[in-house]
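Notes follow once the structure below has been shown.
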There are 2 protein chains.
Amino acid sequence: MQPRLKEIAKALGVSTATVSNVLSGKGRVSDETRKLVSEKIREVGYRPGGPGRALRTGRSGVLGLVLPDISNPLFPALAQAIETAAERSGQGILIADSHADPGAQAEALQRMIQRGADGIIIVPCRGTQVSDLPLPAVVIDSASTPGNCVCSDHQRGGQQAVEHLLDLGHRKFALLGQSRRSSVQSDRIAGMQAALAAGAHAETFWLEDGTPDFAELARRGTTAIIATSDLHALTALTRLQDAGLSVPGDVSVIGFDDLSFSARITPGLTTLAQNMPEIAAKAVAHLSLQLESAPLPMARLVPMELVVRGSTGPAPDFPPRKKPSPQQGDVTT
Amino acid sequence: MQPRLKEIAKALGVSTATVSNVLSGKGRVSDETRKLVSEKIREVGYRPGGPGRALRTGRSGVLGLVLPDISNPLFPALAQAIETAAERSGQGILIADSHADPGAQAEALQRMIQRGADGIIIVPCRGTQVSDLPLPAVVIDSASTPGNCVCSDHQRGGQQAVEHLLDLGHRKFALLGQSRRSSVQSDRIAGMQAALAAGAHAETFWLEDGTPDFAELARRGTTAIIATSDLHALTALTRLQDAGLSVPGDVSVIGFDDLSFSARITPGLTTLAQNMPEIAAKAVAHLSLQLESAPLPMARLVPMELVVRGSTGPAPDFPPRKKPSPQQGDVTT
DNA sequence: CTGTTAGCGCCTTCAG
DNA sequence: CTGAAGGCGCTAACAG
């Protein structure tokens, strides 16, 4: 049995309130009894239990995290960042998967409320609007999603990707998305299109319509592929390599999100990373403010960071600036 | 404000006990009042609040999940499976990351207890032994980990990988692990070594000692690489492709865990998948039994499943059985 | 400055 | 068959 407040109090012959006061440091307690009590607390390893405290204070110290798909490979970084940020402020994370289903999402939210979550961080499923929650909530999604929102600046990220490649002399792009209905992907592609300089050309492909023939694209003059996810960039990269083309010698490839594998493949995948710790910290902080009904800071965009690895290089016919050559990584031969 | 039991009772002129009885279906209530009460409950969307119930019953309906590293790419599948299994039995999941640190892990466990978790599912960090928890616990790790345990049959998985490649005529293997101290990886490699037939030869590499030169290995006659994780298999595969070698034409590659990218690269990665739904279901069921202090079923091994994709094929000099040739995926040329 | 008291929301005896 | 009462563990407001 876990030790209880009452037992500590009884063992020391003081009242439970005194022990509680020592714990919280609030009520006035004489130094003597304080020392005595803290000693006992440490001795028996007492920790105030959540449920009792939650009942009394209306605060559980737990935040709900609702995601559309835990198995999405981007999730680990986000969940880890949020867990870390929450832990830092002494809060736990109750997790739920809405399976990209609005009904299940609503149900998950209800359960979070029922379980006493103090606030909710939600990555909503497509086409869903979170509203009328009796709880503070933060939405993490694209900037075009209504509601309180913290997210990466996906559009600017798209621009950064294009600018990087323009600098390397690329003029003919293939833009690669999965689904038009994803506002994150749409934002990224919109940013890319906005950044296209005069003379540059880009064709957009959606994988939901089928996978383009990357080798054929290269043959027709495309020298750079920008995918809205590292997952799709990886698909393109391995298909090109399998067809005997060189990356980045023949075609440069760039992705998004810096997934776990991106640094470990050959060549390393150039990508736009989300600053998850920052997003998580902002989300948790935003929630904390709402909990204290403080004035709400507006939605914040977090910049994405360009991570340059080996998969992007100068366009094939572009005069190199610094590097002597695309430097194909041949070994010992 | 959420509706409370008391308010429902008052609104209907009955006592709180009656409402509670209707909710639980336990105490005897007349059909008439029962219908009246259930109606009202549905009308106002009442759900019994967690904290009050937890305090009274000693059950929170929440399970703790403690992981050594949420950002591990294997985690999403596991977390999702556990969340789904727990949800099915009406339980929530409180998540924590021990950051592979025994101290943090102990602290995380304490917090789960404090927050009122009914039980704990833990993937312990290396060299850690979970003990003396005042709570039911299930350990998910390799079979060589002491304590209650549900896990994949990693050793048998290693055998399956080798057998698959032996069938294809391979005789010279490279075995690839990350760290000797990981018991999951050690089990897998042990299984591989046990399955080696007479005449077959294998060399083992640990990435913690440095990355081997895969192209050089191929040149020296290795025709099959078995990695203990798809992540490392991917590293090998892209390095080989980058060096102009064909997979599986020159070298076959096989991995473990069927990570998100494994099906989406070219060639698709042959791998041994863990049956996460099964593991999760067993873990949750095991916990539920412990909660009812029922007789404990012993630790269970869950078989791994061989998923054959394009990265494995007949050994180069092996007489093909069905396929006419390794079939290099050249396009339209 | 300290200790007693009341009650957070719920469920479970026990009387009515 | 239903209602009243007590208490789970804790803390905030009060009395001593």
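By convention here, the chains of the structure tokens are called A, B, ... in the order presented, each chain's residues are numbered starting at 1, and ligands are numbered starting at 1 in the order presented.
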Exercise answer, chain C residues close to chain A, 12 Å and only C-alpha atoms (C1' of nucleotides), as JSON, numbers by chain
{"C": [1, 2, 3, 4, 5, 6, 7, 8, 9, 10]}
Same residues, N, CA and C atoms (P, O5', C5', C4', C3', O3' and C1' of nucleotides), saved as a PDB file, in the first residue's frame:
```
ATOM      1  P    DC C   1       4.412  34.084  12.853  1.00  0.00           P
ATOM      2  O5'  DC C   1       3.906  32.768  13.477  1.00  0.00           O
ATOM      3  C5'  DC C   1       4.429  31.514  13.584  1.00  0.00           C
ATOM      4  C4'  DC C   1       3.301  30.681  14.169  1.00  0.00           C
ATOM      5  C3'  DC C   1       3.107  29.369  13.407  1.00  0.00           C
ATOM      6  O3'  DC C   1       3.318  28.330  14.324  1.00  0.00           O
ATOM      7  C1'  DC C   1       1.035  30.347  13.930  1.00  0.00           C
ATOM      8  P    DT C   2       3.809  26.956  13.813  1.00  0.00           P
ATOM      9  O5'  DT C   2       2.461  26.139  13.799  1.00  0.00           O
ATOM     10  C5'  DT C   2       2.096  25.447  14.978  1.00  0.00           C
ATOM     11  C4'  DT C   2       0.601  25.242  14.962  1.00  0.00           C
ATOM     12  C3'  DT C   2       0.163  23.960  14.273  1.00  0.00           C
ATOM     13  O3'  DT C   2      -0.080  23.007  15.279  1.00  0.00           O
ATOM     14  C1'  DT C   2      -1.374  25.764  14.029  1.00  0.00           C
ATOM     15  P    DG C   3      -0.277  21.487  14.898  1.00  0.00           P
ATOM     16  O5'  DG C   3      -1.866  21.326  14.872  1.00  0.00           O
ATOM     17  C5'  DG C   3      -2.617  21.686  16.031  1.00  0.00           C
ATOM     18  C4'  DG C   3      -4.092  21.746  15.702  1.00  0.00           C
ATOM     19  C3'  DG C   3      -4.643  20.472  15.036  1.00  0.00           C
ATOM     20  O3'  DG C   3      -5.892  20.178  15.634  1.00  0.00           O
ATOM     21  C1'  DG C   3      -5.176  22.348  13.723  1.00  0.00           C
ATOM     22  P    DT C   4      -6.554  18.779  15.456  1.00  0.00           P
ATOM     23  O5'  DT C   4      -8.101  19.123  15.515  1.00  0.00           O
ATOM     24  C5'  DT C   4      -8.544  20.434  15.874  1.00  0.00           C
ATOM     25  C4'  DT C   4      -9.705  20.893  14.995  1.00  0.00           C
ATOM     26  C3'  DT C   4     -10.566  19.763  14.418  1.00  0.00           C
ATOM     27  O3'  DT C   4     -11.910  20.094  14.669  1.00  0.00           O
ATOM     28  C1'  DT C   4      -9.985  21.297  12.731  1.00  0.00           C
ATOM     29  P    DT C   5     -13.123  19.228  14.233  1.00  0.00           P
ATOM     30  O5'  DT C   5     -13.486  19.943  12.849  1.00  0.00           O
ATOM     31  C5'  DT C   5     -13.955  21.304  12.870  1.00  0.00           C
ATOM     32  C4'  DT C   5     -14.434  21.695  11.484  1.00  0.00           C
ATOM     33  C3'  DT C   5     -15.364  20.664  10.839  1.00  0.00           C
ATOM     34  O3'  DT C   5     -16.413  21.370  10.206  1.00  0.00           O
ATOM     35  C1'  DT C   5     -13.581  21.124   9.383  1.00  0.00           C
ATOM     36  P    DA C   6     -17.755  20.652   9.875  1.00  0.00           P
ATOM     37  O5'  DA C   6     -17.891  20.996   8.314  1.00  0.00           O
ATOM     38  C5'  DA C   6     -17.554  22.308   7.838  1.00  0.00           C
ATOM     39  C4'  DA C   6     -17.225  22.236   6.360  1.00  0.00           C
ATOM     40  C3'  DA C   6     -18.134  21.291   5.566  1.00  0.00           C
ATOM     41  O3'  DA C   6     -18.536  21.991   4.408  1.00  0.00           O
ATOM     42  C1'  DA C   6     -15.867  20.759   5.153  1.00  0.00           C
ATOM     43  P    DG C   7     -19.869  21.539   3.684  1.00  0.00           P
ATOM     44  O5'  DG C   7     -19.266  20.922   2.336  1.00  0.00           O
ATOM     45  C5'  DG C   7     -18.504  21.789   1.501  1.00  0.00           C
ATOM     46  C4'  DG C   7     -17.615  20.954   0.638  1.00  0.00           C
ATOM     47  C3'  DG C   7     -18.345  19.859  -0.171  1.00  0.00           C
ATOM     48  O3'  DG C   7     -18.079  20.066  -1.527  1.00  0.00           O
ATOM     49  C1'  DG C   7     -16.374  19.043   0.786  1.00  0.00           C
ATOM     50  P    DC C   8     -19.104  19.754  -2.593  1.00  0.00           P
ATOM     51  O5'  DC C   8     -18.173  19.492  -3.874  1.00  0.00           O
ATOM     52  C5'  DC C   8     -17.302  20.491  -4.382  1.00  0.00           C
ATOM     53  C4'  DC C   8     -16.089  19.813  -4.996  1.00  0.00           C
ATOM     54  C3'  DC C   8     -16.448  18.562  -5.812  1.00  0.00           C
ATOM     55  O3'  DC C   8     -16.561  18.935  -7.187  1.00  0.00           O
ATOM     56  C1'  DC C   8     -14.547  18.177  -4.332  1.00  0.00           C
ATOM     57  P    DG C   9     -17.879  18.663  -7.975  1.00  0.00           P
ATOM     58  O5'  DG C   9     -17.786  17.092  -8.180  1.00  0.00           O
ATOM     59  C5'  DG C   9     -16.810  16.554  -9.058  1.00  0.00           C
ATOM     60  C4'  DG C   9     -16.969  15.062  -9.094  1.00  0.00           C
ATOM     61  C3'  DG C   9     -18.381  14.578  -9.425  1.00  0.00           C
ATOM     62  O3'  DG C   9     -18.265  13.581 -10.421  1.00  0.00           O
ATOM     63  C1'  DG C   9     -17.655  13.595  -7.411  1.00  0.00           C
ATOM     64  P    DC C  10     -19.489  12.754 -10.943  1.00  0.00           P
ATOM     65  O5'  DC C  10     -19.349  11.390 -10.147  1.00  0.00           O
ATOM     66  C5'  DC C  10     -18.193  10.572 -10.354  1.00  0.00           C
ATOM     67  C4'  DC C  10     -18.091   9.552  -9.256  1.00  0.00           C
ATOM     68  C3'  DC C  10     -19.230   8.547  -9.221  1.00  0.00           C
ATOM     69  O3'  DC C  10     -18.783   7.372  -9.879  1.00  0.00           O
ATOM     70  C1'  DC C  10     -18.535   9.246  -7.025  1.00  0.00           C
TER      71       DC C  10
END
```
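Least-squares fitting of chain A to chain B, using every C-alpha atom paired in order, leaves a residual RMSD of 0.2 Å.
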Atomic distance CA of Leu272 in chain A - CA of Ala215 in chain A, expressed in Å with one decimal
23.8 Å
Counting only C-alpha atoms (C1' of nucleotides), what is within 9 Å of range 164-174 of chain A, bar same-chain residues fewer than 5 positions away, as a VMD selection string?
chain A and resid 159 196 to 197 199 to 205 217 221 to 227 252 254 306 312 to 321
Go ahead and write the selection's residues with C-alpha atoms as a compact mmCIF listing (two decimals), in the first residue's frame.
```
# COMPACT_ATOMS: atom_id res chain seq x y z
CA GLN A 159 9.99 28.39 -50.35
CA LEU A 196 9.65 29.70 -58.38
CA ALA A 197 11.76 32.30 -60.12
CA GLY A 199 12.46 30.94 -66.03
CA ALA A 200 12.05 28.09 -63.57
CA HIS A 201 9.50 25.45 -64.30
CA ALA A 202 7.73 22.98 -62.07
CA GLU A 203 5.32 20.14 -62.57
CA THR A 204 3.24 18.92 -59.62
CA PHE A 205 2.40 15.28 -58.98
CA LEU A 217 11.17 12.67 -65.65
CA GLY A 221 15.13 17.32 -68.16
CA THR A 222 13.92 17.46 -64.57
CA THR A 223 16.95 17.94 -62.30
CA ALA A 224 15.28 18.39 -58.94
CA ILE A 225 12.53 16.59 -57.07
CA ILE A 226 10.89 18.15 -54.04
CA ALA A 227 8.68 15.85 -52.02
CA SER A 252 18.74 16.35 -56.67
CA ILE A 254 14.81 17.03 -51.16
CA LEU A 306 16.92 23.43 -43.98
CA THR A 312 21.11 17.87 -53.28
CA GLY A 313 23.90 19.28 -55.39
CA PRO A 314 24.52 21.59 -58.31
CA ALA A 315 22.38 21.09 -61.37
CA PRO A 316 24.22 18.88 -63.91
CA ASP A 317 24.96 21.70 -66.38
CA PHE A 318 25.44 24.38 -63.77
CA PRO A 319 28.88 25.94 -63.28
CA PRO A 320 29.95 24.82 -59.81
CA ARG A 321 30.69 27.61 -57.35
```
Pull out every residue of chain A that has at least one atom within 7 Å of chain B, counting only C-alpha atoms, and report them as an mmCIF file with N, CA, C and O atoms, in the first residue's frame.
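Ended up saving to iface_10.cif:
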```cif
data_model
loop_
_atom_site.group_PDB
_atom_site.id
_atom_site.type_symbol
_atom_site.label_atom_id
_atom_site.label_comp_id
_atom_site.auth_asym_id
_atom_site.auth_seq_id
_atom_site.Cartn_x
_atom_site.Cartn_y
_atom_site.Cartn_z
ATOM 1 N N ARG A 47 4.256 10.405 -1.779
ATOM 2 C CA ARG A 47 3.915 11.337 -2.851
ATOM 3 C C ARG A 47 2.423 11.510 -2.864
ATOM 4 O O ARG A 47 1.688 10.519 -2.848
ATOM 5 N N PRO A 48 1.965 12.740 -2.917
ATOM 6 C CA PRO A 48 0.512 12.958 -2.924
ATOM 7 C C PRO A 48 -0.112 12.269 -4.117
ATOM 8 O O PRO A 48 0.383 12.367 -5.223
ATOM 9 N N GLY A 49 -1.174 11.555 -3.908
ATOM 10 C CA GLY A 49 -1.835 10.820 -4.979
ATOM 11 C C GLY A 49 -2.640 11.730 -5.881
ATOM 12 O O GLY A 49 -3.243 12.710 -5.426
ATOM 13 N N GLY A 50 -2.631 11.399 -7.161
ATOM 14 C CA GLY A 50 -3.302 12.220 -8.151
ATOM 15 C C GLY A 50 -4.806 12.364 -7.963
ATOM 16 O O GLY A 50 -5.310 13.483 -7.893
ATOM 17 N N PRO A 51 -5.526 11.271 -7.876
ATOM 18 C CA PRO A 51 -6.982 11.365 -7.864
ATOM 19 C C PRO A 51 -7.530 12.268 -6.763
ATOM 20 O O PRO A 51 -8.380 13.118 -7.026
ATOM 21 N N GLY A 52 -7.058 12.072 -5.552
ATOM 22 C CA GLY A 52 -7.545 12.912 -4.453
ATOM 23 C C GLY A 52 -7.291 14.378 -4.748
ATOM 24 O O GLY A 52 -8.184 15.233 -4.638
ATOM 25 N N ALA A 54 -6.759 15.758 -7.630
ATOM 26 C CA ALA A 54 -7.536 16.199 -8.787
ATOM 27 C C ALA A 54 -8.958 16.529 -8.362
ATOM 28 O O ALA A 54 -9.544 17.532 -8.782
ATOM 29 N N LEU A 55 -9.505 15.693 -7.527
ATOM 30 C CA LEU A 55 -10.879 15.888 -7.086
ATOM 31 C C LEU A 55 -11.016 17.211 -6.348
ATOM 32 O O LEU A 55 -11.923 17.995 -6.576
ATOM 33 N N ILE A 70 -1.169 7.526 -34.938
ATOM 34 C CA ILE A 70 0.075 7.387 -34.183
ATOM 35 C C ILE A 70 1.160 6.751 -35.034
ATOM 36 O O ILE A 70 2.332 7.016 -34.848
ATOM 37 N N SER A 71 0.755 5.916 -35.998
ATOM 38 C CA SER A 71 1.769 5.192 -36.745
ATOM 39 C C SER A 71 2.411 6.033 -37.850
ATOM 40 O O SER A 71 3.304 5.589 -38.540
ATOM 41 N N PRO A 73 4.993 8.232 -39.368
ATOM 42 C CA PRO A 73 6.400 8.278 -38.943
ATOM 43 C C PRO A 73 6.853 9.636 -38.416
ATOM 44 O O PRO A 73 7.907 9.742 -37.823
ATOM 45 N N PRO A 76 6.600 10.163 -33.816
ATOM 46 C CA PRO A 76 7.494 9.970 -32.668
ATOM 47 C C PRO A 76 8.153 11.266 -32.215
ATOM 48 O O PRO A 76 8.176 11.585 -31.032
ATOM 49 N N ALA A 77 8.658 12.014 -33.174
ATOM 50 C CA ALA A 77 9.334 13.256 -32.813
ATOM 51 C C ALA A 77 8.382 14.211 -32.101
ATOM 52 O O ALA A 77 8.735 14.841 -31.097
ATOM 53 N N GLN A 80 7.387 12.772 -28.625
ATOM 54 C CA GLN A 80 8.502 12.869 -27.689
ATOM 55 C C GLN A 80 8.696 14.306 -27.227
ATOM 56 O O GLN A 80 8.884 14.567 -26.041
ATOM 57 N N GLU A 83 5.884 15.201 -24.859
ATOM 58 C CA GLU A 83 6.034 14.534 -23.569
ATOM 59 C C GLU A 83 7.116 15.236 -22.752
ATOM 60 O O GLU A 83 6.948 15.494 -21.559
ATOM 61 N N ILE A 93 1.027 12.996 -19.967
ATOM 62 C CA ILE A 93 0.367 12.992 -21.270
ATOM 63 C C ILE A 93 -0.483 11.744 -21.442
ATOM 64 O O ILE A 93 -0.002 10.621 -21.370
ATOM 65 N N LEU A 94 -1.755 12.008 -21.683
ATOM 66 C CA LEU A 94 -2.711 10.939 -21.970
ATOM 67 C C LEU A 94 -2.872 10.926 -23.481
ATOM 68 O O LEU A 94 -3.204 11.949 -24.079
ATOM 69 N N ILE A 95 -2.608 9.785 -24.094
ATOM 70 C CA ILE A 95 -2.551 9.771 -25.551
ATOM 71 C C ILE A 95 -3.736 9.045 -26.158
ATOM 72 O O ILE A 95 -4.275 8.120 -25.564
ATOM 73 N N ALA A 96 -4.149 9.491 -27.325
ATOM 74 C CA ALA A 96 -5.250 8.823 -28.020
ATOM 75 C C ALA A 96 -5.074 8.942 -29.521
ATOM 76 O O ALA A 96 -4.496 9.897 -30.019
ATOM 77 N N GLN A 114 -13.478 13.255 -19.735
ATOM 78 C CA GLN A 114 -13.964 12.371 -18.685
ATOM 79 C C GLN A 114 -12.837 11.961 -17.734
ATOM 80 O O GLN A 114 -13.033 11.896 -16.520
ATOM 81 N N ARG A 115 -11.674 11.715 -18.308
ATOM 82 C CA ARG A 115 -10.550 11.267 -17.480
ATOM 83 C C ARG A 115 -9.906 12.405 -16.723
ATOM 84 O O ARG A 115 -8.916 12.210 -16.009
ATOM 85 N N GLY A 116 -10.433 13.586 -16.927
ATOM 86 C CA GLY A 116 -9.953 14.713 -16.127
ATOM 87 C C GLY A 116 -8.774 15.471 -16.693
ATOM 88 O O GLY A 116 -8.094 16.184 -15.960
ATOM 89 N N LEU A 231 9.405 10.497 -46.736
ATOM 90 C CA LEU A 231 8.971 9.175 -47.157
ATOM 91 C C LEU A 231 8.885 9.114 -48.685
ATOM 92 O O LEU A 231 9.350 8.167 -49.317
ATOM 93 N N LEU A 234 12.253 9.516 -50.312
ATOM 94 C CA LEU A 234 12.989 8.248 -50.277
ATOM 95 C C LEU A 234 12.546 7.338 -51.419
ATOM 96 O O LEU A 234 13.354 6.671 -52.061
ATOM 97 N N THR A 235 11.254 7.305 -51.650
ATOM 98 C CA THR A 235 10.736 6.524 -52.777
ATOM 99 C C THR A 235 11.400 6.978 -54.074
ATOM 100 O O THR A 235 11.908 6.174 -54.852
ATOM 101 N N THR A 238 15.288 6.072 -54.126
ATOM 102 C CA THR A 238 15.654 4.673 -54.381
ATOM 103 C C THR A 238 15.248 4.246 -55.796
ATOM 104 O O THR A 238 15.926 3.447 -56.418
ATOM 105 N N ARG A 239 14.180 4.804 -56.317
ATOM 106 C CA ARG A 239 13.805 4.468 -57.698
ATOM 107 C C ARG A 239 14.850 4.986 -58.678
ATOM 108 O O ARG A 239 15.195 4.326 -59.642
ATOM 109 N N GLN A 241 18.034 5.580 -58.015
ATOM 110 C CA GLN A 241 19.246 4.781 -57.865
ATOM 111 C C GLN A 241 19.075 3.429 -58.529
ATOM 112 O O GLN A 241 19.976 2.917 -59.179
ATOM 113 N N ASP A 242 17.895 2.861 -58.376
ATOM 114 C CA ASP A 242 17.640 1.549 -58.936
ATOM 115 C C ASP A 242 17.696 1.593 -60.467
ATOM 116 O O ASP A 242 18.047 0.615 -61.117
ATOM 117 N N ALA A 243 17.343 2.752 -61.023
ATOM 118 C CA ALA A 243 17.371 2.902 -62.484
ATOM 119 C C ALA A 243 18.751 3.312 -62.963
ATOM 120 O O ALA A 243 18.937 3.657 -64.129
ATOM 121 N N SER A 260 13.420 9.561 -39.326
ATOM 122 C CA SER A 260 14.518 8.826 -38.694
ATOM 123 C C SER A 260 15.561 8.317 -39.678
ATOM 124 O O SER A 260 16.749 8.292 -39.373
ATOM 125 N N PHE A 261 15.139 7.918 -40.854
ATOM 126 C CA PHE A 261 16.073 7.291 -41.781
ATOM 127 C C PHE A 261 16.854 8.295 -42.605
ATOM 128 O O PHE A 261 17.857 7.945 -43.222
ATOM 129 N N ARG A 264 20.489 8.445 -42.484
ATOM 130 C CA ARG A 264 21.213 7.183 -42.506
ATOM 131 C C ARG A 264 21.277 6.531 -43.863
ATOM 132 O O ARG A 264 21.805 5.430 -43.991
ATOM 133 N N ILE A 265 20.684 7.136 -44.854
ATOM 134 C CA ILE A 265 20.770 6.551 -46.173
ATOM 135 C C ILE A 265 21.920 7.194 -46.931
ATOM 136 O O ILE A 265 22.531 8.162 -46.470
ATOM 137 N N THR A 266 22.233 6.618 -48.090
ATOM 138 C CA THR A 266 23.295 7.150 -48.936
ATOM 139 C C THR A 266 22.714 7.512 -50.290
ATOM 140 O O THR A 266 22.150 6.642 -50.939
ATOM 141 N N ASP A 330 32.660 7.241 -54.383
ATOM 142 C CA ASP A 330 33.273 5.947 -54.628
ATOM 143 C C ASP A 330 34.294 5.612 -53.557
ATOM 144 O O ASP A 330 34.995 6.482 -53.036
#
```
Within 8 Å of Asn148 in chain B using only C-alpha atoms (C1' of nucleotides), minus same-chain residues under 4 positions, as a count of residues only:
5
Residues of chain D within 10 Å of chain A, counting only C-alpha atoms (C1' of nucleotides), what are they? List them as a ChimeraX atom specification.
/D:8-12
Using all heavy atoms, can you write the selected residues to a file as a short mmCIF file (atom, residue, chain, number, x, y, z; two decimals), in the first residue's frame?
```cif
data_model
loop_
_atom_site.label_atom_id
_atom_site.label_comp_id
_atom_site.auth_asym_id
_atom_site.auth_seq_id
_atom_site.Cartn_x
_atom_site.Cartn_y
_atom_site.Cartn_z
P DC D 8 -11.71 6.80 4.31
OP1 DC D 8 -11.30 5.70 5.19
OP2 DC D 8 -11.54 8.21 4.72
"O5'" DC D 8 -10.98 6.64 2.91
"C5'" DC D 8 -11.10 5.46 2.11
"C4'" DC D 8 -10.97 5.84 0.66
"O4'" DC D 8 -12.20 6.48 0.24
"C3'" DC D 8 -9.88 6.88 0.39
"O3'" DC D 8 -8.68 6.20 0.02
"C2'" DC D 8 -10.42 7.69 -0.79
"C1'" DC D 8 -11.95 7.43 -0.78
N1 DC D 8 -12.80 8.61 -0.48
C2 DC D 8 -13.77 9.03 -1.39
O2 DC D 8 -13.88 8.42 -2.44
N3 DC D 8 -14.54 10.11 -1.09
C4 DC D 8 -14.37 10.74 0.07
N4 DC D 8 -15.17 11.79 0.31
C5 DC D 8 -13.41 10.32 1.02
C6 DC D 8 -12.64 9.27 0.72
P DG D 9 -7.35 6.46 0.83
OP1 DG D 9 -6.39 5.46 0.34
OP2 DG D 9 -7.65 6.60 2.26
"O5'" DG D 9 -6.94 7.89 0.29
"C5'" DG D 9 -6.57 8.05 -1.07
"C4'" DG D 9 -6.26 9.51 -1.32
"O4'" DG D 9 -7.47 10.27 -1.16
"C3'" DG D 9 -5.24 10.12 -0.35
"O3'" DG D 9 -4.25 10.74 -1.12
"C2'" DG D 9 -6.06 11.10 0.49
"C1'" DG D 9 -7.19 11.46 -0.45
N9 DG D 9 -8.44 11.83 0.20
C8 DG D 9 -8.98 11.28 1.34
N7 DG D 9 -10.14 11.80 1.68
C5 DG D 9 -10.38 12.76 0.69
C6 DG D 9 -11.47 13.64 0.52
O6 DG D 9 -12.48 13.75 1.23
N1 DG D 9 -11.32 14.45 -0.60
C2 DG D 9 -10.25 14.40 -1.46
N2 DG D 9 -10.26 15.24 -2.48
N3 DG D 9 -9.21 13.58 -1.31
C4 DG D 9 -9.35 12.79 -0.22
P DC D 10 -3.13 11.65 -0.48
OP1 DC D 10 -1.95 11.60 -1.36
OP2 DC D 10 -2.99 11.31 0.94
"O5'" DC D 10 -3.76 13.10 -0.61
"C5'" DC D 10 -3.97 13.64 -1.92
"C4'" DC D 10 -4.81 14.88 -1.83
"O4'" DC D 10 -5.99 14.60 -1.08
"C3'" DC D 10 -4.17 16.05 -1.10
"O3'" DC D 10 -3.56 16.90 -2.06
"C2'" DC D 10 -5.34 16.75 -0.43
"C1'" DC D 10 -6.52 15.81 -0.62
N1 DC D 10 -7.31 15.53 0.62
C2 DC D 10 -8.50 16.21 0.85
O2 DC D 10 -8.86 17.09 0.05
N3 DC D 10 -9.23 15.92 1.95
C4 DC D 10 -8.81 14.98 2.79
N4 DC D 10 -9.58 14.70 3.84
C5 DC D 10 -7.60 14.26 2.59
C6 DC D 10 -6.88 14.56 1.49
P DT D 11 -2.71 18.16 -1.54
OP1 DT D 11 -1.87 18.57 -2.67
OP2 DT D 11 -2.11 17.80 -0.25
"O5'" DT D 11 -3.81 19.28 -1.30
"C5'" DT D 11 -4.53 19.77 -2.41
"C4'" DT D 11 -5.61 20.72 -1.94
"O4'" DT D 11 -6.43 20.10 -0.92
"C3'" DT D 11 -5.09 22.03 -1.30
"O3'" DT D 11 -5.95 23.04 -1.77
"C2'" DT D 11 -5.29 21.79 0.19
"C1'" DT D 11 -6.60 21.01 0.15
N1 DT D 11 -6.94 20.18 1.34
C2 DT D 11 -8.22 20.23 1.84
O2 DT D 11 -9.09 20.94 1.38
N3 DT D 11 -8.45 19.41 2.93
C4 DT D 11 -7.53 18.57 3.54
O4 DT D 11 -7.84 17.88 4.50
C5 DT D 11 -6.21 18.56 2.96
C7 DT D 11 -5.15 17.69 3.52
C6 DT D 11 -5.97 19.35 1.89
P DA D 12 -5.36 24.46 -2.16
OP1 DA D 12 -5.22 24.55 -3.62
OP2 DA D 12 -4.21 24.73 -1.29
"O5'" DA D 12 -6.57 25.41 -1.73
"C5'" DA D 12 -7.89 25.08 -2.18
"C4'" DA D 12 -8.92 25.72 -1.25
"O4'" DA D 12 -9.09 24.91 -0.07
"C3'" DA D 12 -8.58 27.12 -0.76
"O3'" DA D 12 -9.78 27.87 -0.72
"C2'" DA D 12 -8.01 26.88 0.63
"C1'" DA D 12 -8.85 25.69 1.09
N9 DA D 12 -8.15 24.80 2.03
C8 DA D 12 -6.82 24.49 2.05
N7 DA D 12 -6.49 23.63 2.99
C5 DA D 12 -7.69 23.35 3.62
C6 DA D 12 -8.01 22.51 4.70
N6 DA D 12 -7.11 21.77 5.35
N1 DA D 12 -9.28 22.47 5.08
C2 DA D 12 -10.21 23.21 4.42
N3 DA D 12 -10.02 24.03 3.39
C4 DA D 12 -8.72 24.05 3.03
#
```
Per-residue DSSP, range 206-332 of chain A, filtered to strand (DSSP E), as a ChimeraX atom specification
/A:206,224-227,252-256,270-273,300-302,305-307
Take the residues from that selection and put them in a file with C-alpha atoms, as an mmCIF file, in the first residue's frame.
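Output file part-v9.cif follows:
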```cif
data_model
loop_
_atom_site.group_PDB
_atom_site.id
_atom_site.type_symbol
_atom_site.label_atom_id
_atom_site.label_comp_id
_atom_site.auth_asym_id
_atom_site.auth_seq_id
_atom_site.Cartn_x
_atom_site.Cartn_y
_atom_site.Cartn_z
ATOM 1 C CA TRP A 206 0.046 13.802 -56.390
ATOM 2 C CA ALA A 224 15.281 18.393 -58.935
ATOM 3 C CA ILE A 225 12.528 16.591 -57.069
ATOM 4 C CA ILE A 226 10.893 18.153 -54.036
ATOM 5 C CA ALA A 227 8.679 15.853 -52.025
ATOM 6 C CA SER A 252 18.740 16.352 -56.666
ATOM 7 C CA VAL A 253 16.128 15.173 -54.170
ATOM 8 C CA ILE A 254 14.806 17.026 -51.160
ATOM 9 C CA GLY A 255 12.180 16.069 -48.626
ATOM 10 C CA PHE A 256 10.383 17.282 -45.533
ATOM 11 C CA THR A 270 18.473 16.971 -47.678
ATOM 12 C CA THR A 271 15.296 17.961 -45.903
ATOM 13 C CA LEU A 272 13.322 20.649 -44.124
ATOM 14 C CA ALA A 273 13.076 19.749 -40.476
ATOM 15 C CA ARG A 300 2.527 31.219 -33.778
ATOM 16 C CA LEU A 301 4.396 29.958 -36.773
ATOM 17 C CA VAL A 302 7.637 28.120 -36.112
ATOM 18 C CA GLU A 305 15.151 24.446 -40.796
ATOM 19 C CA LEU A 306 16.925 23.431 -43.977
ATOM 20 C CA VAL A 307 19.179 20.455 -43.315
#
```
